[in-house]
>>> print(open('upload_20.cif').read())   # mmCIF, N, CA and C atoms
data_run
#
loop_
_atom_site.label_atom_id
_atom_site.label_comp_id
_atom_site.auth_asym_id
_atom_site.auth_seq_id
_atom_site.Cartn_x
_atom_site.Cartn_y
_atom_site.Cartn_z
N MET A 1 -4.74 14.72 5.52
CA MET A 1 -3.86 15.85 5.40
C MET A 1 -4.00 16.40 3.98
N LYS A 2 -4.07 17.71 3.90
CA LYS A 2 -4.28 18.34 2.60
C LYS A 2 -2.95 18.65 1.92
N ILE A 3 -2.97 18.66 0.61
CA ILE A 3 -1.78 18.92 -0.19
C ILE A 3 -1.20 20.30 0.13
N ALA A 4 -2.06 21.30 0.33
CA ALA A 4 -1.58 22.64 0.63
C ALA A 4 -0.76 22.65 1.92
N ASP A 5 -1.20 21.89 2.92
CA ASP A 5 -0.45 21.79 4.18
C ASP A 5 0.89 21.12 3.95
N ILE A 6 0.89 20.09 3.14
CA ILE A 6 2.11 19.33 2.88
C ILE A 6 3.11 20.19 2.11
N LYS A 7 2.63 20.94 1.13
CA LYS A 7 3.52 21.78 0.33
C LYS A 7 4.14 22.90 1.16
N GLY A 8 3.49 23.29 2.23
CA GLY A 8 4.00 24.34 3.09
C GLY A 8 5.13 23.89 4.01
N MET A 9 5.35 22.59 4.11
CA MET A 9 6.39 22.05 4.98
C MET A 9 7.74 22.05 4.26
N SER A 10 8.80 22.13 5.06
CA SER A 10 10.15 22.03 4.48
C SER A 10 10.46 20.55 4.25
N ALA A 11 11.55 20.30 3.54
CA ALA A 11 11.95 18.92 3.24
C ALA A 11 12.26 18.15 4.52
N ALA A 12 12.90 18.81 5.48
CA ALA A 12 13.23 18.15 6.75
C ALA A 12 11.96 17.80 7.54
N GLU A 13 11.01 18.72 7.54
CA GLU A 13 9.75 18.47 8.23
C GLU A 13 9.01 17.31 7.57
N LEU A 14 9.03 17.28 6.24
CA LEU A 14 8.36 16.19 5.52
C LEU A 14 8.99 14.85 5.86
N ALA A 15 10.32 14.79 5.87
CA ALA A 15 11.00 13.54 6.17
C ALA A 15 10.66 13.06 7.58
N GLU A 16 10.59 14.00 8.52
CA GLU A 16 10.25 13.65 9.90
C GLU A 16 8.81 13.15 10.00
N LYS A 17 7.91 13.84 9.32
CA LYS A 17 6.49 13.47 9.35
C LYS A 17 6.28 12.11 8.68
N ILE A 18 7.00 11.83 7.60
CA ILE A 18 6.90 10.53 6.92
C ILE A 18 7.34 9.42 7.87
N ALA A 19 8.43 9.64 8.58
CA ALA A 19 8.91 8.63 9.52
C ALA A 19 7.88 8.36 10.62
N LEU A 20 7.26 9.42 11.13
CA LEU A 20 6.23 9.26 12.16
C LEU A 20 5.02 8.51 11.63
N GLN A 21 4.60 8.86 10.42
CA GLN A 21 3.44 8.22 9.82
C GLN A 21 3.71 6.74 9.53
N ARG A 22 4.92 6.43 9.09
CA ARG A 22 5.27 5.03 8.82
C ARG A 22 5.24 4.20 10.09
N SER A 23 5.72 4.77 11.20
CA SER A 23 5.69 4.03 12.46
C SER A 23 4.26 3.85 12.94
N GLU A 24 3.43 4.86 12.75
CA GLU A 24 2.02 4.77 13.11
C GLU A 24 1.32 3.72 12.26
N LEU A 25 1.63 3.68 10.96
CA LEU A 25 1.04 2.69 10.07
C LEU A 25 1.44 1.28 10.49
N GLN A 26 2.69 1.10 10.80
CA GLN A 26 3.17 -0.21 11.22
C GLN A 26 2.47 -0.65 12.51
N ARG A 27 2.30 0.28 13.45
CA ARG A 27 1.62 -0.03 14.71
C ARG A 27 0.16 -0.41 14.46
N LEU A 28 -0.52 0.35 13.60
CA LEU A 28 -1.92 0.05 13.32
C LEU A 28 -2.09 -1.29 12.60
N GLU A 29 -1.20 -1.58 11.65
CA GLU A 29 -1.30 -2.85 10.93
C GLU A 29 -1.08 -4.03 11.87
N LEU A 30 -0.13 -3.92 12.77
CA LEU A 30 0.11 -4.98 13.74
C LEU A 30 -1.09 -5.14 14.66
N GLN A 31 -1.61 -4.02 15.12
CA GLN A 31 -2.77 -4.06 16.00
C GLN A 31 -3.98 -4.68 15.28
N HIS A 32 -4.11 -4.40 13.99
CA HIS A 32 -5.24 -4.92 13.21
C HIS A 32 -5.11 -6.43 13.01
N VAL A 33 -3.89 -6.93 12.91
CA VAL A 33 -3.69 -8.37 12.75
C VAL A 33 -4.07 -9.10 14.04
N ILE A 34 -3.70 -8.52 15.16
CA ILE A 34 -3.98 -9.15 16.45
C ILE A 34 -5.47 -9.16 16.73
N SER A 35 -6.08 -8.01 16.62
CA SER A 35 -7.53 -7.92 16.78
C SER A 35 -8.01 -6.77 15.91
N PRO A 36 -9.17 -6.91 15.27
CA PRO A 36 -9.64 -5.87 14.35
C PRO A 36 -9.74 -4.50 15.04
N ILE A 37 -9.22 -3.47 14.37
CA ILE A 37 -9.31 -2.14 14.94
C ILE A 37 -10.67 -1.55 14.63
N GLU A 38 -11.02 -0.52 15.38
CA GLU A 38 -12.36 0.06 15.26
C GLU A 38 -12.58 0.70 13.88
N ASN A 39 -11.56 1.37 13.35
CA ASN A 39 -11.71 2.05 12.06
C ASN A 39 -10.59 1.62 11.12
N PRO A 40 -10.78 0.54 10.35
CA PRO A 40 -9.72 0.07 9.46
C PRO A 40 -9.43 1.02 8.30
N MET A 41 -10.33 1.97 8.02
CA MET A 41 -10.08 2.94 6.96
C MET A 41 -8.95 3.89 7.33
N LYS A 42 -8.62 3.97 8.60
CA LYS A 42 -7.52 4.82 9.06
C LYS A 42 -6.20 4.33 8.46
N ILE A 43 -6.05 3.02 8.27
CA ILE A 43 -4.84 2.46 7.66
C ILE A 43 -4.71 2.98 6.23
N ARG A 44 -5.80 2.95 5.49
CA ARG A 44 -5.78 3.43 4.11
C ARG A 44 -5.44 4.91 4.05
N GLN A 45 -6.03 5.69 4.95
CA GLN A 45 -5.79 7.13 4.95
C GLN A 45 -4.33 7.46 5.27
N ILE A 46 -3.73 6.74 6.19
CA ILE A 46 -2.32 6.97 6.52
C ILE A 46 -1.43 6.61 5.34
N ARG A 47 -1.74 5.50 4.66
CA ARG A 47 -0.96 5.13 3.47
C ARG A 47 -1.04 6.21 2.40
N ARG A 48 -2.21 6.77 2.21
CA ARG A 48 -2.39 7.82 1.21
C ARG A 48 -1.64 9.10 1.61
N ASP A 49 -1.68 9.43 2.90
CA ASP A 49 -0.95 10.61 3.36
C ASP A 49 0.55 10.44 3.15
N ILE A 50 1.06 9.25 3.42
CA ILE A 50 2.48 8.98 3.20
C ILE A 50 2.82 9.15 1.72
N ALA A 51 1.97 8.64 0.85
CA ALA A 51 2.21 8.76 -0.59
C ALA A 51 2.21 10.23 -1.02
N LYS A 52 1.29 11.02 -0.50
CA LYS A 52 1.24 12.44 -0.83
C LYS A 52 2.53 13.13 -0.38
N MET A 53 2.97 12.83 0.84
CA MET A 53 4.17 13.46 1.36
C MET A 53 5.41 13.04 0.57
N LEU A 54 5.48 11.78 0.18
CA LEU A 54 6.62 11.33 -0.63
C LEU A 54 6.64 12.01 -2.00
N THR A 55 5.46 12.22 -2.58
CA THR A 55 5.36 12.89 -3.87
C THR A 55 5.87 14.33 -3.78
N VAL A 56 5.42 15.05 -2.76
CA VAL A 56 5.84 16.44 -2.59
C VAL A 56 7.33 16.51 -2.26
N LEU A 57 7.80 15.58 -1.45
CA LEU A 57 9.23 15.55 -1.11
C LEU A 57 10.07 15.32 -2.36
N GLY A 58 9.63 14.44 -3.23
CA GLY A 58 10.33 14.18 -4.49
C GLY A 58 10.34 15.42 -5.39
N GLN A 59 9.27 16.16 -5.39
CA GLN A 59 9.21 17.39 -6.20
C GLN A 59 10.14 18.46 -5.65
N LYS A 60 10.31 18.50 -4.35
CA LYS A 60 11.18 19.51 -3.73
C LYS A 60 12.65 19.20 -3.94
N GLN A 61 12.98 17.95 -4.15
CA GLN A 61 14.40 17.57 -4.29
C GLN A 61 14.83 17.59 -5.69
#
>>> encode(input="upload_20.cif", output="structure tokens")
Amino acid sequence: MKIADIKGMSAAELAEKIALQRSELQRLELQHVISPIENPMKIRQIRRDIAKMLTVLGQKQ
């Protein structure tokens, strides 16, 4: 997800998207523990997207 897209979202949209991404991250991490997932780099990318969204959300508040 690009920073420009994230900055275009409202604070409520960001909070909702962060919650969705966190649940997806938790699901992927659990799935990866049980059996290796096909693309483990997806976990890293989701973590980075969450960090970007939290940064922009902090700037908006």
>>> residues_around(input="upload_20.cif", residues="A:Met53", least_positions_apart="2", cutoff="12 Å", atoms="only C-alpha atoms", output="ChimeraX atom specification")
/A:1-22,46-51,55-60
>>> write_last_selection(input="upload_20.cif", atoms="N, CA and C atoms", output="mmCIF file, keeping the file's coordinate frame")
data_model
loop_
_atom_site.group_PDB
_atom_site.id
_atom_site.type_symbol
_atom_site.label_atom_id
_atom_site.label_comp_id
_atom_site.auth_asym_id
_atom_site.auth_seq_id
_atom_site.Cartn_x
_atom_site.Cartn_y
_atom_site.Cartn_z
ATOM 1 N N MET A 1 -4.740 14.720 5.520
ATOM 2 C CA MET A 1 -3.860 15.850 5.400
ATOM 3 C C MET A 1 -4.000 16.400 3.980
ATOM 4 N N LYS A 2 -4.070 17.710 3.900
ATOM 5 C CA LYS A 2 -4.280 18.340 2.600
ATOM 6 C C LYS A 2 -2.950 18.650 1.920
ATOM 7 N N ILE A 3 -2.970 18.660 0.610
ATOM 8 C CA ILE A 3 -1.780 18.920 -0.190
ATOM 9 C C ILE A 3 -1.200 20.300 0.130
ATOM 10 N N ALA A 4 -2.060 21.300 0.330
ATOM 11 C CA ALA A 4 -1.580 22.640 0.630
ATOM 12 C C ALA A 4 -0.760 22.650 1.920
ATOM 13 N N ASP A 5 -1.200 21.890 2.920
ATOM 14 C CA ASP A 5 -0.450 21.790 4.180
ATOM 15 C C ASP A 5 0.890 21.120 3.950
ATOM 16 N N ILE A 6 0.890 20.090 3.140
ATOM 17 C CA ILE A 6 2.110 19.330 2.880
ATOM 18 C C ILE A 6 3.110 20.190 2.110
ATOM 19 N N LYS A 7 2.630 20.940 1.130
ATOM 20 C CA LYS A 7 3.520 21.780 0.330
ATOM 21 C C LYS A 7 4.140 22.900 1.160
ATOM 22 N N GLY A 8 3.490 23.290 2.230
ATOM 23 C CA GLY A 8 4.000 24.340 3.090
ATOM 24 C C GLY A 8 5.130 23.890 4.010
ATOM 25 N N MET A 9 5.350 22.590 4.110
ATOM 26 C CA MET A 9 6.390 22.050 4.980
ATOM 27 C C MET A 9 7.740 22.050 4.260
ATOM 28 N N SER A 10 8.800 22.130 5.060
ATOM 29 C CA SER A 10 10.150 22.030 4.480
ATOM 30 C C SER A 10 10.460 20.550 4.250
ATOM 31 N N ALA A 11 11.550 20.300 3.540
ATOM 32 C CA ALA A 11 11.950 18.920 3.240
ATOM 33 C C ALA A 11 12.260 18.150 4.520
ATOM 34 N N ALA A 12 12.900 18.810 5.480
ATOM 35 C CA ALA A 12 13.230 18.150 6.750
ATOM 36 C C ALA A 12 11.960 17.800 7.540
ATOM 37 N N GLU A 13 11.010 18.720 7.540
ATOM 38 C CA GLU A 13 9.750 18.470 8.230
ATOM 39 C C GLU A 13 9.010 17.310 7.570
ATOM 40 N N LEU A 14 9.030 17.280 6.240
ATOM 41 C CA LEU A 14 8.360 16.190 5.520
ATOM 42 C C LEU A 14 8.990 14.850 5.860
ATOM 43 N N ALA A 15 10.320 14.790 5.870
ATOM 44 C CA ALA A 15 11.000 13.540 6.170
ATOM 45 C C ALA A 15 10.660 13.060 7.580
ATOM 46 N N GLU A 16 10.590 14.000 8.520
ATOM 47 C CA GLU A 16 10.250 13.650 9.900
ATOM 48 C C GLU A 16 8.810 13.150 10.000
ATOM 49 N N LYS A 17 7.910 13.840 9.320
ATOM 50 C CA LYS A 17 6.490 13.470 9.350
ATOM 51 C C LYS A 17 6.280 12.110 8.680
ATOM 52 N N ILE A 18 7.000 11.830 7.600
ATOM 53 C CA ILE A 18 6.900 10.530 6.920
ATOM 54 C C ILE A 18 7.340 9.420 7.870
ATOM 55 N N ALA A 19 8.430 9.640 8.580
ATOM 56 C CA ALA A 19 8.910 8.630 9.520
ATOM 57 C C ALA A 19 7.880 8.360 10.620
ATOM 58 N N LEU A 20 7.260 9.420 11.130
ATOM 59 C CA LEU A 20 6.230 9.260 12.160
ATOM 60 C C LEU A 20 5.020 8.510 11.630
ATOM 61 N N GLN A 21 4.600 8.860 10.420
ATOM 62 C CA GLN A 21 3.440 8.220 9.820
ATOM 63 C C GLN A 21 3.710 6.740 9.530
ATOM 64 N N ARG A 22 4.920 6.430 9.090
ATOM 65 C CA ARG A 22 5.270 5.030 8.820
ATOM 66 C C ARG A 22 5.240 4.200 10.090
ATOM 67 N N ILE A 46 -3.730 6.740 6.190
ATOM 68 C CA ILE A 46 -2.320 6.970 6.520
ATOM 69 C C ILE A 46 -1.430 6.610 5.340
ATOM 70 N N ARG A 47 -1.740 5.500 4.660
ATOM 71 C CA ARG A 47 -0.960 5.130 3.470
ATOM 72 C C ARG A 47 -1.040 6.210 2.400
ATOM 73 N N ARG A 48 -2.210 6.770 2.210
ATOM 74 C CA ARG A 48 -2.390 7.820 1.210
ATOM 75 C C ARG A 48 -1.640 9.100 1.610
ATOM 76 N N ASP A 49 -1.680 9.430 2.900
ATOM 77 C CA ASP A 49 -0.950 10.610 3.360
ATOM 78 C C ASP A 49 0.550 10.440 3.150
ATOM 79 N N ILE A 50 1.060 9.250 3.420
ATOM 80 C CA ILE A 50 2.480 8.980 3.200
ATOM 81 C C ILE A 50 2.820 9.150 1.720
ATOM 82 N N ALA A 51 1.970 8.640 0.850
ATOM 83 C CA ALA A 51 2.210 8.760 -0.590
ATOM 84 C C ALA A 51 2.210 10.230 -1.020
ATOM 85 N N THR A 55 5.460 12.220 -2.580
ATOM 86 C CA THR A 55 5.360 12.890 -3.870
ATOM 87 C C THR A 55 5.870 14.330 -3.780
ATOM 88 N N VAL A 56 5.420 15.050 -2.760
ATOM 89 C CA VAL A 56 5.840 16.440 -2.590
ATOM 90 C C VAL A 56 7.330 16.510 -2.260
ATOM 91 N N LEU A 57 7.800 15.580 -1.450
ATOM 92 C CA LEU A 57 9.230 15.550 -1.110
ATOM 93 C C LEU A 57 10.070 15.320 -2.360
ATOM 94 N N GLY A 58 9.630 14.440 -3.230
ATOM 95 C CA GLY A 58 10.330 14.180 -4.490
ATOM 96 C C GLY A 58 10.340 15.420 -5.390
ATOM 97 N N GLN A 59 9.270 16.160 -5.390
ATOM 98 C CA GLN A 59 9.210 17.390 -6.200
ATOM 99 C C GLN A 59 10.140 18.460 -5.650
ATOM 100 N N LYS A 60 10.310 18.500 -4.350
ATOM 101 C CA LYS A 60 11.180 19.510 -3.730
ATOM 102 C C LYS A 60 12.650 19.200 -3.940
#
>>> closest_residue(input="upload_20.cif", among="A:Ile37, A:Lys42, A:Lys52, A:Gln61", to="A:Leu25", atoms="only C-alpha atoms")
A:Lys42
>>> atom_distance(input="upload_20.cif", atom1="atom CA of A:Arg44", atom2="atom CA of A:Arg27")
13.4 Å
>>> atom_distance(input="upload_20.cif", atom1="atom N of A:Leu54", atom2="atom CA of A:Pro40")
21.3 Å
>>> atom_distance(input="upload_20.cif", atom1="atom CA of A:Gln45", atom2="atom CA of A:Val33")
17.5 Å
>>> select_by_dssp(input="upload_20.cif", residues="chain A", states="helix (DSSP H, G or I)", output="PDB file with N, CA and C atoms, in the frame of the given file")
ATOM      1  N   ILE A   3      -2.970  18.660   0.610  1.00  0.00           N
ATOM      2  CA  ILE A   3      -1.780  18.920  -0.190  1.00  0.00           C
ATOM      3  C   ILE A   3      -1.200  20.300   0.130  1.00  0.00           C
ATOM      4  N   ALA A   4      -2.060  21.300   0.330  1.00  0.00           N
ATOM      5  CA  ALA A   4      -1.580  22.640   0.630  1.00  0.00           C
ATOM      6  C   ALA A   4      -0.760  22.650   1.920  1.00  0.00           C
ATOM      7  N   ASP A   5      -1.200  21.890   2.920  1.00  0.00           N
ATOM      8  CA  ASP A   5      -0.450  21.790   4.180  1.00  0.00           C
ATOM      9  C   ASP A   5       0.890  21.120   3.950  1.00  0.00           C
ATOM     10  N   ILE A   6       0.890  20.090   3.140  1.00  0.00           N
ATOM     11  CA  ILE A   6       2.110  19.330   2.880  1.00  0.00           C
ATOM     12  C   ILE A   6       3.110  20.190   2.110  1.00  0.00           C
ATOM     13  N   LYS A   7       2.630  20.940   1.130  1.00  0.00           N
ATOM     14  CA  LYS A   7       3.520  21.780   0.330  1.00  0.00           C
ATOM     15  C   LYS A   7       4.140  22.900   1.160  1.00  0.00           C
ATOM     16  N   ALA A  11      11.550  20.300   3.540  1.00  0.00           N
ATOM     17  CA  ALA A  11      11.950  18.920   3.240  1.00  0.00           C
ATOM     18  C   ALA A  11      12.260  18.150   4.520  1.00  0.00           C
ATOM     19  N   ALA A  12      12.900  18.810   5.480  1.00  0.00           N
ATOM     20  CA  ALA A  12      13.230  18.150   6.750  1.00  0.00           C
ATOM     21  C   ALA A  12      11.960  17.800   7.540  1.00  0.00           C
ATOM     22  N   GLU A  13      11.010  18.720   7.540  1.00  0.00           N
ATOM     23  CA  GLU A  13       9.750  18.470   8.230  1.00  0.00           C
ATOM     24  C   GLU A  13       9.010  17.310   7.570  1.00  0.00           C
ATOM     25  N   LEU A  14       9.030  17.280   6.240  1.00  0.00           N
ATOM     26  CA  LEU A  14       8.360  16.190   5.520  1.00  0.00           C
ATOM     27  C   LEU A  14       8.990  14.850   5.860  1.00  0.00           C
ATOM     28  N   ALA A  15      10.320  14.790   5.870  1.00  0.00           N
ATOM     29  CA  ALA A  15      11.000  13.540   6.170  1.00  0.00           C
ATOM     30  C   ALA A  15      10.660  13.060   7.580  1.00  0.00           C
ATOM     31  N   GLU A  16      10.590  14.000   8.520  1.00  0.00           N
ATOM     32  CA  GLU A  16      10.250  13.650   9.900  1.00  0.00           C
ATOM     33  C   GLU A  16       8.810  13.150  10.000  1.00  0.00           C
ATOM     34  N   LYS A  17       7.910  13.840   9.320  1.00  0.00           N
ATOM     35  CA  LYS A  17       6.490  13.470   9.350  1.00  0.00           C
ATOM     36  C   LYS A  17       6.280  12.110   8.680  1.00  0.00           C
ATOM     37  N   ILE A  18       7.000  11.830   7.600  1.00  0.00           N
ATOM     38  CA  ILE A  18       6.900  10.530   6.920  1.00  0.00           C
ATOM     39  C   ILE A  18       7.340   9.420   7.870  1.00  0.00           C
ATOM     40  N   ALA A  19       8.430   9.640   8.580  1.00  0.00           N
ATOM     41  CA  ALA A  19       8.910   8.630   9.520  1.00  0.00           C
ATOM     42  C   ALA A  19       7.880   8.360  10.620  1.00  0.00           C
ATOM     43  N   LEU A  20       7.260   9.420  11.130  1.00  0.00           N
ATOM     44  CA  LEU A  20       6.230   9.260  12.160  1.00  0.00           C
ATOM     45  C   LEU A  20       5.020   8.510  11.630  1.00  0.00           C
ATOM     46  N   GLN A  21       4.600   8.860  10.420  1.00  0.00           N
ATOM     47  CA  GLN A  21       3.440   8.220   9.820  1.00  0.00           C
ATOM     48  C   GLN A  21       3.710   6.740   9.530  1.00  0.00           C
ATOM     49  N   ARG A  22       4.920   6.430   9.090  1.00  0.00           N
ATOM     50  CA  ARG A  22       5.270   5.030   8.820  1.00  0.00           C
ATOM     51  C   ARG A  22       5.240   4.200  10.090  1.00  0.00           C
ATOM     52  N   SER A  23       5.720   4.770  11.200  1.00  0.00           N
ATOM     53  CA  SER A  23       5.690   4.030  12.460  1.00  0.00           C
ATOM     54  C   SER A  23       4.260   3.850  12.940  1.00  0.00           C
ATOM     55  N   GLU A  24       3.430   4.860  12.750  1.00  0.00           N
ATOM     56  CA  GLU A  24       2.020   4.770  13.110  1.00  0.00           C
ATOM     57  C   GLU A  24       1.320   3.720  12.260  1.00  0.00           C
ATOM     58  N   LEU A  25       1.630   3.680  10.960  1.00  0.00           N
ATOM     59  CA  LEU A  25       1.040   2.690  10.070  1.00  0.00           C
ATOM     60  C   LEU A  25       1.440   1.280  10.490  1.00  0.00           C
ATOM     61  N   GLN A  26       2.690   1.100  10.800  1.00  0.00           N
ATOM     62  CA  GLN A  26       3.170  -0.210  11.220  1.00  0.00           C
ATOM     63  C   GLN A  26       2.470  -0.650  12.510  1.00  0.00           C
ATOM     64  N   ARG A  27       2.300   0.280  13.450  1.00  0.00           N
ATOM     65  CA  ARG A  27       1.620  -0.030  14.710  1.00  0.00           C
ATOM     66  C   ARG A  27       0.160  -0.410  14.460  1.00  0.00           C
ATOM     67  N   LEU A  28      -0.520   0.350  13.600  1.00  0.00           N
ATOM     68  CA  LEU A  28      -1.920   0.050  13.320  1.00  0.00           C
ATOM     69  C   LEU A  28      -2.090  -1.290  12.600  1.00  0.00           C
ATOM     70  N   GLU A  29      -1.200  -1.580  11.650  1.00  0.00           N
ATOM     71  CA  GLU A  29      -1.300  -2.850  10.930  1.00  0.00           C
ATOM     72  C   GLU A  29      -1.080  -4.030  11.870  1.00  0.00           C
ATOM     73  N   LEU A  30      -0.130  -3.920  12.770  1.00  0.00           N
ATOM     74  CA  LEU A  30       0.110  -4.980  13.740  1.00  0.00           C
ATOM     75  C   LEU A  30      -1.090  -5.140  14.660  1.00  0.00           C
ATOM     76  N   GLN A  31      -1.610  -4.020  15.120  1.00  0.00           N
ATOM     77  CA  GLN A  31      -2.770  -4.060  16.000  1.00  0.00           C
ATOM     78  C   GLN A  31      -3.980  -4.680  15.280  1.00  0.00           C
ATOM     79  N   HIS A  32      -4.110  -4.400  13.990  1.00  0.00           N
ATOM     80  CA  HIS A  32      -5.240  -4.920  13.210  1.00  0.00           C
ATOM     81  C   HIS A  32      -5.110  -6.430  13.010  1.00  0.00           C
ATOM     82  N   VAL A  33      -3.890  -6.930  12.910  1.00  0.00           N
ATOM     83  CA  VAL A  33      -3.690  -8.370  12.750  1.00  0.00           C
ATOM     84  C   VAL A  33      -4.070  -9.100  14.040  1.00  0.00           C
ATOM     85  N   ILE A  34      -3.700  -8.520  15.160  1.00  0.00           N
ATOM     86  CA  ILE A  34      -3.980  -9.150  16.450  1.00  0.00           C
ATOM     87  C   ILE A  34      -5.470  -9.160  16.730  1.00  0.00           C
ATOM     88  N   MET A  41     -10.330   1.970   8.020  1.00  0.00           N
ATOM     89  CA  MET A  41     -10.080   2.940   6.960  1.00  0.00           C
ATOM     90  C   MET A  41      -8.950   3.890   7.330  1.00  0.00           C
ATOM     91  N   LYS A  42      -8.620   3.970   8.600  1.00  0.00           N
ATOM     92  CA  LYS A  42      -7.520   4.820   9.060  1.00  0.00           C
ATOM     93  C   LYS A  42      -6.200   4.330   8.460  1.00  0.00           C
ATOM     94  N   ILE A  43      -6.050   3.020   8.270  1.00  0.00           N
ATOM     95  CA  ILE A  43      -4.840   2.460   7.660  1.00  0.00           C
ATOM     96  C   ILE A  43      -4.710   2.980   6.230  1.00  0.00           C
ATOM     97  N   ARG A  44      -5.800   2.950   5.490  1.00  0.00           N
ATOM     98  CA  ARG A  44      -5.780   3.430   4.110  1.00  0.00           C
ATOM     99  C   ARG A  44      -5.440   4.910   4.050  1.00  0.00           C
ATOM    100  N   GLN A  45      -6.030   5.690   4.950  1.00  0.00           N
ATOM    101  CA  GLN A  45      -5.790   7.130   4.950  1.00  0.00           C
ATOM    102  C   GLN A  45      -4.330   7.460   5.270  1.00  0.00           C
ATOM    103  N   ILE A  46      -3.730   6.740   6.190  1.00  0.00           N
ATOM    104  CA  ILE A  46      -2.320   6.970   6.520  1.00  0.00           C
ATOM    105  C   ILE A  46      -1.430   6.610   5.340  1.00  0.00           C
ATOM    106  N   ARG A  47      -1.740   5.500   4.660  1.00  0.00           N
ATOM    107  CA  ARG A  47      -0.960   5.130   3.470  1.00  0.00           C
ATOM    108  C   ARG A  47      -1.040   6.210   2.400  1.00  0.00           C
ATOM    109  N   ARG A  48      -2.210   6.770   2.210  1.00  0.00           N
ATOM    110  CA  ARG A  48      -2.390   7.820   1.210  1.00  0.00           C
ATOM    111  C   ARG A  48      -1.640   9.100   1.610  1.00  0.00           C
ATOM    112  N   ASP A  49      -1.680   9.430   2.900  1.00  0.00           N
ATOM    113  CA  ASP A  49      -0.950  10.610   3.360  1.00  0.00           C
ATOM    114  C   ASP A  49       0.550  10.440   3.150  1.00  0.00           C
ATOM    115  N   ILE A  50       1.060   9.250   3.420  1.00  0.00           N
ATOM    116  CA  ILE A  50       2.480   8.980   3.200  1.00  0.00           C
ATOM    117  C   ILE A  50       2.820   9.150   1.720  1.00  0.00           C
ATOM    118  N   ALA A  51       1.970   8.640   0.850  1.00  0.00           N
ATOM    119  CA  ALA A  51       2.210   8.760  -0.590  1.00  0.00           C
ATOM    120  C   ALA A  51       2.210  10.230  -1.020  1.00  0.00           C
ATOM    121  N   LYS A  52       1.290  11.020  -0.500  1.00  0.00           N
ATOM    122  CA  LYS A  52       1.240  12.440  -0.830  1.00  0.00           C
ATOM    123  C   LYS A  52       2.530  13.130  -0.380  1.00  0.00           C
ATOM    124  N   MET A  53       2.970  12.830   0.840  1.00  0.00           N
ATOM    125  CA  MET A  53       4.170  13.460   1.360  1.00  0.00           C
ATOM    126  C   MET A  53       5.410  13.040   0.570  1.00  0.00           C
ATOM    127  N   LEU A  54       5.480  11.780   0.180  1.00  0.00           N
ATOM    128  CA  LEU A  54       6.620  11.330  -0.630  1.00  0.00           C
ATOM    129  C   LEU A  54       6.640  12.010  -2.000  1.00  0.00           C
ATOM    130  N   THR A  55       5.460  12.220  -2.580  1.00  0.00           N
ATOM    131  CA  THR A  55       5.360  12.890  -3.870  1.00  0.00           C
ATOM    132  C   THR A  55       5.870  14.330  -3.780  1.00  0.00           C
ATOM    133  N   VAL A  56       5.420  15.050  -2.760  1.00  0.00           N
ATOM    134  CA  VAL A  56       5.840  16.440  -2.590  1.00  0.00           C
ATOM    135  C   VAL A  56       7.330  16.510  -2.260  1.00  0.00           C
ATOM    136  N   LEU A  57       7.800  15.580  -1.450  1.00  0.00           N
ATOM    137  CA  LEU A  57       9.230  15.550  -1.110  1.00  0.00           C
ATOM    138  C   LEU A  57      10.070  15.320  -2.360  1.00  0.00           C
ATOM    139  N   GLY A  58       9.630  14.440  -3.230  1.00  0.00           N
ATOM    140  CA  GLY A  58      10.330  14.180  -4.490  1.00  0.00           C
ATOM    141  C   GLY A  58      10.340  15.420  -5.390  1.00  0.00           C
ATOM    142  N   GLN A  59       9.270  16.160  -5.390  1.00  0.00           N
ATOM    143  CA  GLN A  59       9.210  17.390  -6.200  1.00  0.00           C
ATOM    144  C   GLN A  59      10.140  18.460  -5.650  1.00  0.00           C
ATOM    145  N   LYS A  60      10.310  18.500  -4.350  1.00  0.00           N
ATOM    146  CA  LYS A  60      11.180  19.510  -3.730  1.00  0.00           C
ATOM    147  C   LYS A  60      12.650  19.200  -3.940  1.00  0.00           C
TER     148      LYS A  60
END
